[in-house]
Each structure stands twice: as C-alpha cells, then as structure tokens.
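For reference, the structure is listed below as structure tokens.
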Amino acid sequence: MDQNLYSAEGLAGVVFLGLLAATVAGALIAVNAKRLVRSVAGLSLCFTGVAGLYYFLNSPFVALMELLIYVGAVCVAIIFAVMLAEPRAEEKVGKSSGLGSLFGVIAGGLVFIGLATVSTKSHWSIAKTKINTGSVTELGSSLMTSYSMVFELISVVLLVAIIGALVLALPGRDKE
Amino acid sequence: MTTELIRLLAFLVGIIAFAALNAAYLVWVERKGAAHFQRRIGPKEVGPYGLLQPLADGAKLMSKQLLIPDGVDPILFKIAPLMVLVPAVMSFVTIPFGEHLAARNIDLGLLMVFAFASINVLGLLLGSWGSANKYAVIAAARVISQNIAYEIPMLLTAIALVMATNTMNLNEMVSLQGGGFWHWNLIKLTFTASPLTPIAFLIFFTTMLAETNRAPFDMAEAESELVAGSFTEYSGMGFGVFFMGEYANIVIGAALTTVLFLGGWQSPLPFLPNSVVWFLMKMYVIIFTVVWIRWTFPRTQFYALLNLSWKVLIPISLVNLIVTAGWLKVF
C-alpha cells in the first residue's frame, strides 16, 4: 500500500476498517451470545457499523435512517419485548447440535463465496451520467411518483400489523 | 487539507470541552436553582458562590471506587453510560452555534440529531437490564414506553417545520429566520409557516422535557418510587458519566429548540449584529426554564404521562401537520 496512513484517504481507510470490524463483530455477538439482550446489543453494534458503511457509500440519508430506525427503534422494541417476556426465557436453552452448525457454516460460506464471486468477477459498468443527486428531495419525489405503488403497499402492511396488534391486545384489557 | 484537519481537531476538542463544561456547570445551576426556588442558599462553601463545586464533585466522583455488584452483566454495565454520553456529543457536530461556527454543516442536520438522540434510550435500557436490579428494570420499561410515546409528537412537529422551511439543514433553517424576532419560527408573522407554530413550540418543548427524562417526566429516575431508577447500581464515575450524558442531552434539546423555533444565532432586532452570543443566551434561557420546571412541578403519574402523549400531543401535532400542509398549499 503506497498510500500514507496519515493522509486523509489513509484515515478514511482506517475508519472504514473499523466500521467493517464493528459490523462483523456485532453480527458474531448477535449470533453467539448466550443471553438474548446481549444478542440485541450485538445487533445494534452491527447496525451502527452498517450505517457507517452506508455513509461511505455516499448516502448519508440511508445511514442516518439506519441509525434512527434500526438502532433507535427496532433494537429498542426487541429489548422491550424481551423484558416483558418471562425472565427465564432470555437464557439460551439446550446446545445446538454440531451437525446443524456445520451445515450452517457450509451454507453461509457458500452464500458468501457466491456473492463474493459475483461482486468481484462481474463487470460493473458505471453509468455515464449521474441519474440523480441522491438528495432527500429526489428521494421524496420519486417515492411519490414512480414508486408510489410500493409506498402504498408498505403502508398497507403497516396498517395490517397495527390492526393485528390491536386484535391481539384487545382481550387483555377486559381481563382485569 | 491540513487546515481542514486542524479545524476538525479544534472543533472536536471544543465540542468535548463544551459538553463537559456544560455538564459540570449545569449541575451547579441545578443545585443553585433548586436552592433558590426553595428559599435555600445552595452550594456556597467551595469558591465564590460555590462556583468551584463542580470541580470538587468531579474530583470526588473520580476518586470513588467503581463498584460492580455481583450478578450484573459486566460488559453492558460498563458500556451503557458511554452509550448515553457519546451520541449526545456526536449531535453537537451539526449544531450551528454561529453563522460560521458549526463543525460540519450537514444537509441532513436535523435528521442526524434525531438519529443520534434515539441511541440514548438504548444505553439507558442496556444499563438498567445489565445492572440486574428490579428497580432499574422497572425504570427501563417506563423509559421505553415514554420514549416511544414522545418521539412521535416530537418528530411530527419537526416534520411540520421542515415542510414550512423546506430544508433539514440546521444552519439554513436559522438563516431563514433572520430579520428580527417576528421572523422566528415561534411567532412567524409572515405567511410561510402555519399559524399553529406557537402550539408546535409548546409540544416540542414538552416532548423535549420527556425525551431528556426531565421532571415532571423523570420516570427513569423517580427517586421517591424507584430508589434511583436506571442509575441505582452505578457508583463513582459510572454515575458521573451517566449524568454528563443526561446534561449533554438537555443542552442538545435546548440548542435544537433554539435553532428550530427561536432563530438560533439571529439577533432579535434587525439593527443588532448576529452572533453566537444570541444563540447561547437563548439556549441558556431554555435550560433555565427546564430547571425552573423541574423544581416547580411535581412528577406526573406514569399513566397520565402516557395519556398526555397519545391522547393530547399526538393528535394536536397531527392537526398541526395537516394545517401546515394546507397552509403551504393555499399561500
């Protein structure tokens, strides 16, 4: 590597490697932790790393949304659910069988090799002109025009989820 | 390139110093304020008017033993205070203290502050769960329901402002409020913001109190019910860092209120020069109000707290959002 570590690119590279390490370490903690809450803590570390990677991909909006939604809302909601559940339920019960984890490693490795081959071997043609600036304004107007169908469908899914939660929660109120 | 690096380094040091000094001296403001509201004197022994009290407190906290009780989750227990403090310090990066005094003038500044502010609750949560204390876990459950409930009206009022100003860049938002106090978003007497903005300001201020866990919404640390809530098991500097984080969050909340509604660094009268002094004055007036409220009002009941958000604040902020949209469409 001929780039100086103390140049701006070098520093950015160090930060990038740190984010990669955080993502992988977080994912490993999330999978291997014995206690569910620690898994979620690992998951939040992983999400933070991913948010940083998005920032490196020049999309700060997605990066900040990743933090706001995945770390700030999803992880918090998961921990909340864990806390409301039985206290014993948070410990991992039983050991996973050796054969199962072997297959898991093989399957995961195959997916990794496949994706890595695709991303390194295939020829990525770079668009001649920038499609848009990737700003929030562009994002908003395309969500409201070209992709409004998808947008509406997602809102229908959310509506169904809310109604489902209400239906599940309603009998609990009459019990007392 | 080098000057840019030096600038960033200067801002890094400055921001950390600003956050730490504010955290230390807000404790003094809090204690003095509490004392005077209750017709007492407050700290007065260490230095004139007790001004050196924060230093003494810091020395005391740092020299205390860090107790890690049996049965706690050691990693989460130690990380949690940092998870409250670090995101708050990160949020300072984009706050425009003056016209050219912001570490990074990020286009998505508002979103960035909200994104980092949302991590704070995760820190409180992991700390409470990690300390394996029943009071702490009860406090954590309360904190989450409170945070989820109050983040919605906060974001809704902020979105209405973004719609009116058409930007999420905090510095640009301040620039749009120039030319005297009647141009501030709080009481904008021009036809570019909805007439409900004063109500939006009240909602934002209330949710800011709740999001920073301040009285009358201090459910995380309800000392008369839950010992010390989330902080029950923390001692020495663990406790100290938690409190620095809490006060840094209050400063961020007050700074954001200043930027969004009170015109940031803009001077209140057109013939006075704009400067960082105005920003600090407005910010500290808000922080003083926060202290004032804490020592004036009793803590609300938990159910009243949740009802206030879901049944009052969220509907009103939704109405505000719709009125703003209609207003912008008509004018």
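Ordering of the structure tokens sets the chain letters (A, B, ...), residue numbers begin anew at 1 in every chain, and ligands are numbered from 1 in the order given.
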
* To do: Excluding range 15-23 of chain A and any residue of its chain fewer than 4 positions from it, enumerate the residues within 7 Å of it, using only C-alpha atoms, and give them as a list of chain:residue names.
  =>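 Here the answer would be A:Leu11, A:Ala27, A:Leu45, A:Cys46, A:Phe47, A:Gly49, A:Val50, A:Gly52, A:Leu53.
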
Expected file contents, prior selection, C-alpha atoms, as a compact mmCIF listing (two decimals), in the first residue's frame:
```
# COMPACT_ATOMS: atom_id res chain seq x y z
CA LEU A 11 -7.53 7.90 7.86
CA ALA A 27 -23.07 -9.91 13.85
CA LEU A 45 -23.42 -2.63 17.06
CA CYS A 46 -23.82 -4.37 13.70
CA PHE A 47 -26.46 -1.85 12.58
CA GLY A 49 -21.41 -0.42 11.51
CA VAL A 50 -23.76 -0.86 8.55
CA GLY A 52 -21.27 3.80 8.74
CA LEU A 53 -20.81 1.73 5.57
```

* **Residue contacts of range 67-69 of chain B (8 Å, only C-alpha atoms) excluding same-chain residues fewer than 4 positions away, as number ranges by chain** => B: 74, 131, 233-236

* Find the distance between CA of Lys134 in chain B and CA of Leu226 in chain B and write it in Å to one decimal. => 9.0 Å

Residues of chain A were defined as contacting chain B if any atom lay at most 7 Å from it, counting only C-alpha atoms; please report them as a CSV table (one decimal) with all heavy atoms, in the first residue's frame.
```csv
chain,number,residue,atom,x,y,z
A,64,LEU,N,-28.3,7.7,8.3
A,64,LEU,CA,-29.0,8.2,9.4
A,64,LEU,C,-30.3,7.5,9.7
A,64,LEU,O,-30.7,7.2,10.8
A,64,LEU,CB,-29.2,9.7,9.2
A,64,LEU,CG,-28.0,10.5,9.2
A,64,LEU,CD1,-28.2,12.0,8.9
A,64,LEU,CD2,-27.3,10.4,10.6
A,67,LEU,N,-29.6,4.3,11.5
A,67,LEU,CA,-29.4,4.6,13.0
A,67,LEU,C,-30.8,4.8,13.6
A,67,LEU,O,-31.1,4.2,14.7
A,67,LEU,CB,-28.5,5.8,13.2
A,67,LEU,CG,-27.0,5.6,13.2
A,67,LEU,CD1,-26.4,6.9,13.6
A,67,LEU,CD2,-26.7,4.6,14.2
A,68,LEU,N,-31.6,5.7,13.0
A,68,LEU,CA,-32.8,6.1,13.7
A,68,LEU,C,-33.8,5.0,13.8
A,68,LEU,O,-34.4,4.7,14.8
A,68,LEU,CB,-33.4,7.3,12.8
A,68,LEU,CG,-34.7,7.9,13.4
A,68,LEU,CD1,-34.4,8.6,14.7
A,68,LEU,CD2,-35.3,8.9,12.4
A,71,VAL,N,-31.3,1.0,15.0
A,71,VAL,CA,-30.8,1.1,16.3
A,71,VAL,C,-31.8,1.7,17.3
A,71,VAL,O,-32.0,1.2,18.4
A,71,VAL,CB,-29.4,1.9,16.4
A,71,VAL,CG1,-28.9,1.9,17.7
A,71,VAL,CG2,-28.4,1.3,15.4
A,72,GLY,N,-32.3,2.8,16.9
A,72,GLY,CA,-33.2,3.6,17.8
A,72,GLY,C,-34.6,3.0,18.0
A,72,GLY,O,-35.2,3.2,19.1
A,76,VAL,N,-34.6,-1.3,20.3
A,76,VAL,CA,-35.3,-0.9,21.5
A,76,VAL,C,-36.6,-1.7,21.6
A,76,VAL,O,-36.9,-2.3,22.7
A,76,VAL,CB,-35.6,0.6,21.5
A,76,VAL,CG1,-36.6,0.9,22.6
A,76,VAL,CG2,-34.3,1.4,21.7
A,80,PHE,N,-37.4,-4.4,24.6
A,80,PHE,CA,-38.7,-4.2,25.3
A,80,PHE,C,-39.5,-5.5,25.4
A,80,PHE,O,-40.0,-5.9,26.4
A,80,PHE,CB,-39.5,-3.1,24.6
A,80,PHE,CG,-40.6,-2.5,25.5
A,80,PHE,CD1,-40.5,-2.4,26.8
A,80,PHE,CD2,-41.8,-2.1,24.9
A,80,PHE,CE1,-41.5,-1.9,27.6
A,80,PHE,CE2,-42.8,-1.6,25.6
A,80,PHE,CZ,-42.6,-1.5,27.0
```

* Atomic separation - CA of Phe205 in chain B relative to CA of Phe239 in chain B, Å ->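 Separation of CA of Phe239 in chain B and CA of Phe205 in chain B: 26.4 Å.
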
Using only C-alpha atoms, find each residue in range 220-262 of chain B having at least one atom no more than 6 Å away from range 77-87 of chain B; report its shortest atom-to-atom pair and that distance in Å (one decimal), rows by chain then rising number, as JSON lines.
```
{"residue": "B:Val241", "atom": "CA", "partner": "B:Pro81", "partner_atom": "CA", "distance": 5.7}
{"residue": "B:Phe242", "atom": "CA", "partner": "B:Pro81", "partner_atom": "CA", "distance": 4.8}
{"residue": "B:Gly245", "atom": "CA", "partner": "B:Leu85", "partner_atom": "CA", "distance": 3.9}
```

Filtering to all heavy atoms, could you give me those residues as a PDB file, in the first residue's frame?
```
ATOM      1  N   VAL B 241     -20.641   9.679  34.490  1.00  0.00           N
ATOM      2  CA  VAL B 241     -20.756   9.708  33.030  1.00  0.00           C
ATOM      3  C   VAL B 241     -22.224   9.699  32.617  1.00  0.00           C
ATOM      4  O   VAL B 241     -22.626  10.412  31.696  1.00  0.00           O
ATOM      5  CB  VAL B 241     -19.988   8.524  32.403  1.00  0.00           C
ATOM      6  CG1 VAL B 241     -20.265   8.440  30.921  1.00  0.00           C
ATOM      7  CG2 VAL B 241     -18.514   8.699  32.627  1.00  0.00           C
ATOM      8  N   PHE B 242     -23.035   8.900  33.317  1.00  0.00           N
ATOM      9  CA  PHE B 242     -24.479   8.901  33.037  1.00  0.00           C
ATOM     10  C   PHE B 242     -25.028  10.316  33.145  1.00  0.00           C
ATOM     11  O   PHE B 242     -25.767  10.788  32.278  1.00  0.00           O
ATOM     12  CB  PHE B 242     -25.211   8.022  34.055  1.00  0.00           C
ATOM     13  CG  PHE B 242     -25.765   6.771  33.457  1.00  0.00           C
ATOM     14  CD1 PHE B 242     -25.606   5.553  34.097  1.00  0.00           C
ATOM     15  CD2 PHE B 242     -26.456   6.798  32.262  1.00  0.00           C
ATOM     16  CE1 PHE B 242     -26.111   4.397  33.557  1.00  0.00           C
ATOM     17  CE2 PHE B 242     -26.957   5.645  31.715  1.00  0.00           C
ATOM     18  CZ  PHE B 242     -26.783   4.444  32.364  1.00  0.00           C
ATOM     19  N   GLY B 245     -24.002  12.577  30.393  1.00  0.00           N
ATOM     20  CA  GLY B 245     -24.820  12.291  29.215  1.00  0.00           C
ATOM     21  C   GLY B 245     -26.184  12.938  29.311  1.00  0.00           C
ATOM     22  O   GLY B 245     -26.670  13.555  28.369  1.00  0.00           O
TER      23      GLY B 245
END
```

* Residue neighbourhood Ala30 in chain A, 9 Å, only C-alpha atoms, exclusion window fewer than 5 positions, as a list of chain:residue names ->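 The neighbour list is A:Ala25, A:Leu36, A:Arg38, A:Ser39, A:Val40, A:Ala41, A:Gly42, A:Leu43, A:Ser44, A:Cys46.
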
* Atomic distance CA of Ser142 in chain A - CA of Val160 in chain A, expressed in Å with one decimal ->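 Distance reported for this atom pair: 24.6 Å.
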
* Name the closest residue to Thr137 in chain A among the candidates B:Met163, B:Pro216, B:Val312, B:Asn171; distances are taken between atoms, counting only C-alpha atoms. =>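 Under the stated criterion, the closest residue is B:Met163.
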
* Asked: Per DSSP on the backbone, what are the alpha helix (DSSP H) residues of range 113-159 of chain A, as a ChimeraX atom specification?
  -> /A:113-121,136-144,148-159

* To do: Could you give me, as a list of chain:residue names, the residues within 9 Å of Trp295 in chain B, counting only C-alpha atoms and dropping anything in the same chain fewer than 2 positions from it?
  => B:Gly33, B:Ala34, B:Phe37, B:Gln38, B:Ala215, B:Pro216, B:Val290, B:Val291, B:Trp292, B:Ile293, B:Phe297, B:Pro298

Output for the residues just chosen: C-alpha atoms as a PDB file, in the first residue's frame:
```
ATOM      1  CA  GLY B  33     -31.635  26.910  41.103  1.00  0.00           C
ATOM      2  CA  ALA B  34     -33.245  24.266  43.280  1.00  0.00           C
ATOM      3  CA  PHE B  37     -36.645  28.109  44.292  1.00  0.00           C
ATOM      4  CA  GLN B  38     -36.963  26.545  47.719  1.00  0.00           C
ATOM      5  CA  ALA B 215     -39.165  16.433  35.623  1.00  0.00           C
ATOM      6  CA  PRO B 216     -42.142  16.395  35.511  1.00  0.00           C
ATOM      7  CA  VAL B 290     -36.048  23.377  32.219  1.00  0.00           C
ATOM      8  CA  VAL B 291     -34.505  23.667  35.700  1.00  0.00           C
ATOM      9  CA  TRP B 292     -37.293  26.003  36.790  1.00  0.00           C
ATOM     10  CA  ILE B 293     -39.950  23.498  35.700  1.00  0.00           C
ATOM     11  CA  PHE B 297     -43.919  20.946  39.233  1.00  0.00           C
ATOM     12  CA  PRO B 298     -44.340  17.536  40.884  1.00  0.00           C
TER      13      PRO B 298
END
```

* **Surrounding residues of Ala139 in chain B excluding itself and chain neighbours under 4 positions, 10 Å, only C-alpha atoms, as number ranges by chain** => B: 124-125, 128-129, 133-135, 143-144, 218-222, 225-232

Take the residues just selected and output them with N, CA, C and O atoms as a short mmCIF file (atom, residue, chain, number, x, y, z; two decimals), in the first residue's frame.
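File again_13.cif, as written:
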```cif
data_model
loop_
_atom_site.label_atom_id
_atom_site.label_comp_id
_atom_site.auth_asym_id
_atom_site.auth_seq_id
_atom_site.Cartn_x
_atom_site.Cartn_y
_atom_site.Cartn_z
N LEU B 124 -29.66 3.62 28.21
CA LEU B 124 -30.35 3.52 29.50
C LEU B 124 -30.90 2.12 29.71
O LEU B 124 -30.81 1.53 30.78
N LEU B 125 -31.44 1.57 28.61
CA LEU B 125 -32.09 0.27 28.66
C LEU B 125 -31.10 -0.84 28.97
O LEU B 125 -31.30 -1.65 29.89
N SER B 128 -29.79 -0.52 32.56
CA SER B 128 -30.73 -0.97 33.59
C SER B 128 -30.83 -2.48 33.59
O SER B 128 -30.85 -3.11 34.63
N TRP B 129 -30.91 -3.06 32.40
CA TRP B 129 -31.03 -4.52 32.35
C TRP B 129 -29.73 -5.15 32.86
O TRP B 129 -29.77 -6.11 33.63
N ASN B 133 -31.12 -5.24 38.51
CA ASN B 133 -31.79 -4.67 39.68
C ASN B 133 -33.25 -4.46 39.30
O ASN B 133 -33.55 -3.95 38.23
N LYS B 134 -34.15 -4.87 40.20
CA LYS B 134 -35.58 -4.79 39.83
C LYS B 134 -36.02 -3.35 39.59
O LYS B 134 -36.75 -3.06 38.65
N TYR B 135 -35.56 -2.44 40.46
CA TYR B 135 -35.95 -1.05 40.28
C TYR B 135 -35.47 -0.52 38.93
O TYR B 135 -36.18 0.20 38.24
N VAL B 143 -39.03 3.94 30.80
CA VAL B 143 -38.31 4.83 29.88
C VAL B 143 -38.68 4.53 28.45
O VAL B 143 -38.91 5.43 27.64
N ILE B 144 -38.77 3.23 28.13
CA ILE B 144 -39.08 2.91 26.73
C ILE B 144 -40.46 3.35 26.36
O ILE B 144 -40.65 3.99 25.33
N ASP B 218 -39.63 12.67 34.77
CA ASP B 218 -38.39 11.93 35.02
C ASP B 218 -38.67 10.53 35.56
O ASP B 218 -38.33 10.19 36.68
N MET B 219 -39.27 9.71 34.69
CA MET B 219 -39.64 8.37 35.10
C MET B 219 -38.44 7.44 35.24
O MET B 219 -38.50 6.45 35.93
N ALA B 220 -37.32 7.79 34.56
CA ALA B 220 -36.15 6.91 34.63
C ALA B 220 -35.51 6.97 36.00
O ALA B 220 -34.89 6.03 36.45
N GLU B 221 -35.68 8.11 36.67
CA GLU B 221 -35.00 8.27 37.94
C GLU B 221 -35.99 8.84 38.94
O GLU B 221 -35.77 9.89 39.51
N ALA B 222 -37.10 8.11 39.14
CA ALA B 222 -38.10 8.61 40.08
C ALA B 222 -37.66 8.26 41.48
O ALA B 222 -37.96 7.20 42.00
N GLU B 225 -39.87 6.70 44.13
CA GLU B 225 -40.52 5.42 43.87
C GLU B 225 -39.51 4.32 43.59
O GLU B 225 -39.69 3.17 43.98
N LEU B 226 -38.45 4.65 42.85
CA LEU B 226 -37.57 3.61 42.30
C LEU B 226 -36.13 3.74 42.77
O LEU B 226 -35.21 3.43 42.03
N VAL B 227 -35.90 4.22 44.00
CA VAL B 227 -34.56 4.47 44.51
C VAL B 227 -33.84 5.48 43.60
O VAL B 227 -33.96 6.68 43.80
N ALA B 228 -33.14 4.99 42.57
CA ALA B 228 -32.62 5.94 41.59
C ALA B 228 -32.86 5.42 40.19
O ALA B 228 -32.14 5.76 39.25
N GLY B 229 -33.86 4.56 40.03
CA GLY B 229 -34.22 4.08 38.70
C GLY B 229 -33.08 3.39 38.00
O GLY B 229 -32.41 2.51 38.56
N SER B 230 -32.82 3.82 36.79
CA SER B 230 -31.79 3.17 35.98
C SER B 230 -30.39 3.28 36.59
O SER B 230 -29.52 2.48 36.30
N PHE B 231 -30.18 4.29 37.44
CA PHE B 231 -28.83 4.52 37.94
C PHE B 231 -28.58 3.88 39.30
O PHE B 231 -27.57 4.14 39.93
N THR B 232 -29.53 3.05 39.76
CA THR B 232 -29.46 2.53 41.13
C THR B 232 -28.11 1.90 41.45
O THR B 232 -27.53 2.16 42.50
#
```

* To do: Write out as a list in words the residues lying within 8 Å of Ile41 in chain B, counting only C-alpha atoms and excluding same-chain residues fewer than 5 positions away.
  =>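 So, after excluding close chain neighbours, the residues are Lys32, Ala35 and His36 of chain B.
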
* To do: Would you mind telling me which residue in B:Leu8, B:Ile316, B:Leu110, B:Ile322 lies nearest to Phe61 in chain A when using only C-alpha atoms?
  =>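 The shortest atom-to-atom distance to Phe61 in chain A comes from B:Leu110.
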